[in-house]
Amino acid sequence: MDFFQAQDAARSRTRTLVVLFGAAVIAIIASVYVIVHLMLGRGVEGGVDVELLLLVIVGTALIVAGGSTYRTVQLRQGGARVAEMLGGRRVRASTSDEAERRLVNVVEEMAIASGTPVPAIFVLDHEAGLNAFAAGYTLDDAAVAVTRGTLEQLNRDELQGVIAHEYSHILNGDMRLNIRLIGLLYGILLLAIVGRGLLYTDRGSRGRRNGGGNHAALVGLALFVVGYIGVFFGRLIQAAVSRQREYLADASAVQFTRNPGGIAGALTKIGAAGSIIRNHHAQEASHLFFASGLRSSFIGLLATHPPLAQRIRRIDPTFTGEFAEVAIADEPASFVMPDLPPGADPWTVPGRGGMAGLAEAATARSAAPRQAPAVARATARPAPSLTSGNALLASIGAPQPEHVAYASRLIAMLPAPVLDTAHDPDGAVALLFALLYHDHGPAMAIQHSVIEYYGGPSLTTRVTGLARALAPLGVAVRLPVLDLLLPALRELSPSQRERAHAAGELMIAADDRMDIFELALLHGLGRQLGLGERGQAAGGADGIQSITPLRHDVATVLAAVAWSGGVDAATAEGAFARGLAALPSLGDAGPLRPRAGVPPHEIDRALGMLRRAAPGVRRRVLEACGQAGAPDRVVDTEEAEQFRARGEAHDSPIPPHTG
């Protein structure tokens with residue numbers, strides 16, 4: 001199943017969830033009616049009490065709908081809000097804590113390998129059990145969290161296996177389904193909470209009343225009992241949504257890392273140490289976790305996760321089923337790059353088969369890339385290489401071991417000042433400007449003015465220094481570096497983020513040249529920083545099922561691709577025509593507009609609209625963009641990065657071009 005099929009399957013599971021939820025609410029209403037009817041002493045004769053039934057329907061619906069709406073609105077900020085609800089503490093990318101630094105490192109590697117923004121990272125400090133989860137509506141508001149037990153008891157390979165498992169949920173569309181499920185289930189659980197409250201209220205006031213019936217107590221008892229019927233249905237829904245997805249995520253983790261021992265070792269340690277989450281929100285979020293966060297149920301049907309032994313045997317058939325106490329292993333030796341002769345290209349490893357050899361060696365590597373020897377930070381430009389546009393499209397949402405190895409090596413090669421700056425909020429702004437900087441021509445003077453207006457002459461000096469450090473590494477580092485600096489930019493105040501984004505727009509406009517890479521980059525940046533409509537976490541609802549309503553937006557994006565790179569009119573006309581030919585169902589999109597007729601703000605809006613399209617529609621638009629930008633279906637590194645930027649703008653993450 002490819003990325004777009006997985007996204008469609010997730011949307012199908014959402015519809016199934018709604019059906020199951022509706023059935024649960026109907027069952028709860030029926031149960032409330034029967035219990036209240038009997039408790040009021042009306043017996044079973046006389047048929048249905050319509051007035052009472054309507055009262056039960058309205059009351060139950062208000063409680064369930066009100067609870068679900070409340071929790072859904074509360075979690076609208078995305079994965080970070082879920083992590084905070086469960087007691088998570090955000091980990092800064094610049095953390096000096098060794099264990100947290102390793103966690104950040106592993107997450108950054110997986111983000112670069114999969115072509116996604118680095119998510120917010122959290123640690124549940126008060127949870128000793130070994131567990132983790134990923135949450136969010138989109139790639140832009142995703143969060144990854146681990147417990148303190150996971151951070152302290154797993155070695156790097158095991159931690160990488162757990163994070164790779166969570167990335168499977170991110171890439172396969174499970175996150176959005178899971179966070180919506182939290183909102184829906186809270187409405188059901190609220191019945192038990194309200195019932196308990198009514199019982200406690202009655203108990204406290206009983207001594208002050210003289211005789212008479214107490215309907216509040218009866219209703220409270222009914223809601224309390226039925227609330228736990230709701231809990232039962234909720235657990236059934238969680239199990240139906242979650243259980244099979246865990247097997248698939250385990251398999252994906254092995255596929256990503258080519259290291260079955262990592263995730264198998266983590267599961268084995270969980271069998272010995274446990275994975276219980278003690279936070280009082282654990283029940284409504286139990287389907288999120290890497291392993292079961294609740295105590296075992298006597299009814300296996302309610303388990304949200306498959307048995308640990310079964311999960312391990314699917315990865316390691318030799319597993320005996322015994323969870324003996326596992327000692328925390330020392331970290332395996334670092335993967336050390338071989339010494340290179342003077343002038344050698346550090347992007348190839350002599351005698352190791354290039355990236356294939358590195359992917360093999362990455363299985364043994366487990367220390368943080370920051371510990372790699374100094375030679376790994378050489379500043380040679382990666383050799384230009386070609387790939388198939390179809391291969392890039394097929395890789396969407398499916399990182400392979402070579403991508404993980406590439407990400408590890410790329411981080412190791414970044415000059416220390418660049419990597420350190422990416423993790424500092426103020427420095428991240430300078431690094432953003434460095435990614436957009438032109439070191440020649442009239443645009444340079446305009447960009448200097450923009451930078452000085454933003455932060456003064458000292459910032460200009462810092463930006464030009466970072467640009468010089470990045471230049472030898474070529475275009476292949478631009479998106480990865482952007483993804484690395486995003487967590488630091490998110491630490492800025494809203495007004496600071498707005499100013500940085502506005503300055504970025506001015507820097508892009510400085511050369512008066514259409515560059516689809518820069519425009520897509522800036523659009524994604526606005527979304528990921530939560531600016532305006534682009535930053536609404538739940539906004540991209542996959543609601544547009546046909547390409548026809550998007551005719552104008554598709555034509556705008558194809559025009560931007562056609563004009564990208566300062567081409568002449570004839571070349572742009574040909575590119576635009578090829579893109580339209582790939583979309584015969586689009587209809588009449590009109591002629592190619594002149595370069596000046598495709599302003600950046602219109603491209604930004606068009607990219608936002610396309611992001612709201614169903615996965616299949618987004619795939620077709622990406623294919624058309626590929627035809628317009630690379631008609632021979634063979635792309636070099638720079639064209640591949642443009643393709644990746646467009647994919648990221650469409651919420652279609654493309655792993656890096658490893659060469």
# chains A, B, ... in the order shown; residues from 1 in each chain; ligands from 1
>>> residues_around(residues="segment 482-485 of chain A", least_positions_apart="3", cutoff="6 Å", atoms="only C-alpha atoms", output="MDAnalysis selection string")
chainID A and resid 117:118 422 428 479 488
>>> closest_residue(among="A:Leu184, A:Val106, A:Leu267, A:Ile121", to="Gln153 of chain A", atoms="only C-alpha atoms")
A:Leu267
>>> atom_distance(atom1="atom CA of Leu130 of chain A", atom2="atom CA of Ile270 of chain A")
5.8 Å
>>> residues_around(residues="Leu607 of chain A", least_positions_apart="3", cutoff="8 Å", atoms="only C-alpha atoms", output="PyMOL selection string")
chain A and resi 520+523+553+557+603-604+610-611+649-650
>>> write_last_selection(atoms="N, CA, C and O atoms", output="PDB file, in the first residue's frame")
ATOM      1  N   ALA A 520       7.198  27.240  -2.403  1.00  0.00           N
ATOM      2  CA  ALA A 520       6.670  26.088  -1.671  1.00  0.00           C
ATOM      3  C   ALA A 520       7.264  26.022  -0.272  1.00  0.00           C
ATOM      4  O   ALA A 520       6.574  25.700   0.704  1.00  0.00           O
ATOM      5  N   HIS A 523       5.527  28.642   1.824  1.00  0.00           N
ATOM      6  CA  HIS A 523       4.161  28.230   2.142  1.00  0.00           C
ATOM      7  C   HIS A 523       4.167  27.203   3.281  1.00  0.00           C
ATOM      8  O   HIS A 523       3.409  27.313   4.246  1.00  0.00           O
ATOM      9  N   ASP A 553      -6.790  26.651  -9.049  1.00  0.00           N
ATOM     10  CA  ASP A 553      -5.627  26.460  -8.172  1.00  0.00           C
ATOM     11  C   ASP A 553      -4.578  25.575  -8.841  1.00  0.00           C
ATOM     12  O   ASP A 553      -3.374  25.844  -8.740  1.00  0.00           O
ATOM     13  N   VAL A 557      -0.646  26.622  -9.802  1.00  0.00           N
ATOM     14  CA  VAL A 557       0.567  25.895  -9.403  1.00  0.00           C
ATOM     15  C   VAL A 557       1.342  25.432 -10.634  1.00  0.00           C
ATOM     16  O   VAL A 557       2.581  25.531 -10.676  1.00  0.00           O
ATOM     17  N   ILE A 603      -0.128  31.939  -5.418  1.00  0.00           N
ATOM     18  CA  ILE A 603       0.459  30.598  -5.359  1.00  0.00           C
ATOM     19  C   ILE A 603       0.299  30.029  -3.956  1.00  0.00           C
ATOM     20  O   ILE A 603      -0.031  28.849  -3.773  1.00  0.00           O
ATOM     21  N   ASP A 604       0.511  30.860  -2.958  1.00  0.00           N
ATOM     22  CA  ASP A 604       0.369  30.440  -1.569  1.00  0.00           C
ATOM     23  C   ASP A 604      -1.047  29.944  -1.300  1.00  0.00           C
ATOM     24  O   ASP A 604      -1.260  28.900  -0.679  1.00  0.00           O
ATOM     25  N   LEU A 610      -4.965  23.051  -2.455  1.00  0.00           N
ATOM     26  CA  LEU A 610      -4.614  21.695  -2.872  1.00  0.00           C
ATOM     27  C   LEU A 610      -4.351  20.796  -1.677  1.00  0.00           C
ATOM     28  O   LEU A 610      -4.579  19.585  -1.742  1.00  0.00           O
ATOM     29  N   ARG A 611      -3.872  21.371  -0.605  1.00  0.00           N
ATOM     30  CA  ARG A 611      -3.616  20.590   0.605  1.00  0.00           C
ATOM     31  C   ARG A 611      -4.918  20.024   1.174  1.00  0.00           C
ATOM     32  O   ARG A 611      -4.905  19.012   1.876  1.00  0.00           O
ATOM     33  N   ALA A 649       4.611  20.845   0.466  1.00  0.00           N
ATOM     34  CA  ALA A 649       3.532  21.835   0.470  1.00  0.00           C
ATOM     35  C   ALA A 649       2.168  21.171   0.338  1.00  0.00           C
ATOM     36  O   ALA A 649       1.163  21.718   0.780  1.00  0.00           O
ATOM     37  N   HIS A 650       2.113  19.969  -0.259  1.00  0.00           N
ATOM     38  CA  HIS A 650       0.856  19.234  -0.428  1.00  0.00           C
ATOM     39  C   HIS A 650       0.634  18.193   0.663  1.00  0.00           C
ATOM     40  O   HIS A 650      -0.243  17.341   0.524  1.00  0.00           O
TER      41      HIS A 650
END
>>> decode(residues="segment 595-613 of chain A", atoms="N, CA, C and O atoms", output="short mmCIF file (atom, residue, chain, number, x, y, z; two decimals), in the first residue's frame")
data_model
loop_
_atom_site.label_atom_id
_atom_site.label_comp_id
_atom_site.auth_asym_id
_atom_site.auth_seq_id
_atom_site.Cartn_x
_atom_site.Cartn_y
_atom_site.Cartn_z
N ARG A 595 4.28 35.73 -16.43
CA ARG A 595 5.00 35.58 -15.17
C ARG A 595 4.46 36.53 -14.10
O ARG A 595 4.23 36.14 -12.95
N ALA A 596 4.24 37.77 -14.46
CA ALA A 596 3.75 38.76 -13.50
C ALA A 596 2.31 38.50 -13.08
O ALA A 596 1.84 39.04 -12.08
N GLY A 597 1.60 37.64 -13.84
CA GLY A 597 0.20 37.35 -13.51
C GLY A 597 0.04 36.20 -12.54
O GLY A 597 -1.08 35.75 -12.30
N VAL A 598 1.16 35.71 -12.01
CA VAL A 598 1.11 34.63 -11.02
C VAL A 598 1.81 35.12 -9.76
O VAL A 598 2.94 34.71 -9.46
N PRO A 599 1.17 36.00 -8.99
CA PRO A 599 1.83 36.57 -7.81
C PRO A 599 2.01 35.54 -6.70
O PRO A 599 1.24 34.57 -6.61
N PRO A 600 3.03 35.72 -5.85
CA PRO A 600 3.31 34.75 -4.78
C PRO A 600 2.13 34.48 -3.86
O PRO A 600 1.90 33.33 -3.46
N HIS A 601 1.35 35.54 -3.54
CA HIS A 601 0.24 35.30 -2.60
C HIS A 601 -0.82 34.39 -3.21
O HIS A 601 -1.49 33.63 -2.51
N GLU A 602 -0.97 34.43 -4.56
CA GLU A 602 -1.93 33.56 -5.20
C GLU A 602 -1.43 32.11 -5.22
O GLU A 602 -2.21 31.16 -5.06
N ILE A 603 -0.13 31.94 -5.42
CA ILE A 603 0.46 30.60 -5.36
C ILE A 603 0.30 30.03 -3.96
O ILE A 603 -0.03 28.85 -3.77
N ASP A 604 0.51 30.86 -2.96
CA ASP A 604 0.37 30.44 -1.57
C ASP A 604 -1.05 29.94 -1.30
O ASP A 604 -1.26 28.90 -0.68
N ARG A 605 -2.02 30.70 -1.78
CA ARG A 605 -3.41 30.31 -1.59
C ARG A 605 -3.72 29.00 -2.32
O ARG A 605 -4.41 28.12 -1.79
N ALA A 606 -3.20 28.87 -3.56
CA ALA A 606 -3.47 27.67 -4.34
C ALA A 606 -2.88 26.44 -3.66
O ALA A 606 -3.52 25.37 -3.61
N LEU A 607 -1.68 26.55 -3.13
CA LEU A 607 -1.07 25.42 -2.42
C LEU A 607 -1.91 25.04 -1.20
O LEU A 607 -2.05 23.86 -0.88
N GLY A 608 -2.46 26.04 -0.52
CA GLY A 608 -3.32 25.75 0.62
C GLY A 608 -4.59 25.02 0.23
O GLY A 608 -5.04 24.11 0.93
N MET A 609 -5.17 25.38 -0.90
CA MET A 609 -6.38 24.69 -1.37
C MET A 609 -6.07 23.26 -1.77
O MET A 609 -6.84 22.33 -1.46
N LEU A 610 -4.96 23.05 -2.45
CA LEU A 610 -4.61 21.70 -2.87
C LEU A 610 -4.35 20.80 -1.68
O LEU A 610 -4.58 19.58 -1.74
N ARG A 611 -3.87 21.37 -0.61
CA ARG A 611 -3.62 20.59 0.60
C ARG A 611 -4.92 20.02 1.17
O ARG A 611 -4.90 19.01 1.88
N ARG A 612 -6.04 20.66 0.87
CA ARG A 612 -7.33 20.20 1.38
C ARG A 612 -7.97 19.13 0.50
O ARG A 612 -9.06 18.66 0.79
N ALA A 613 -7.31 18.78 -0.58
CA ALA A 613 -7.85 17.78 -1.48
C ALA A 613 -7.61 16.38 -0.94
O ALA A 613 -6.73 16.15 -0.11
#
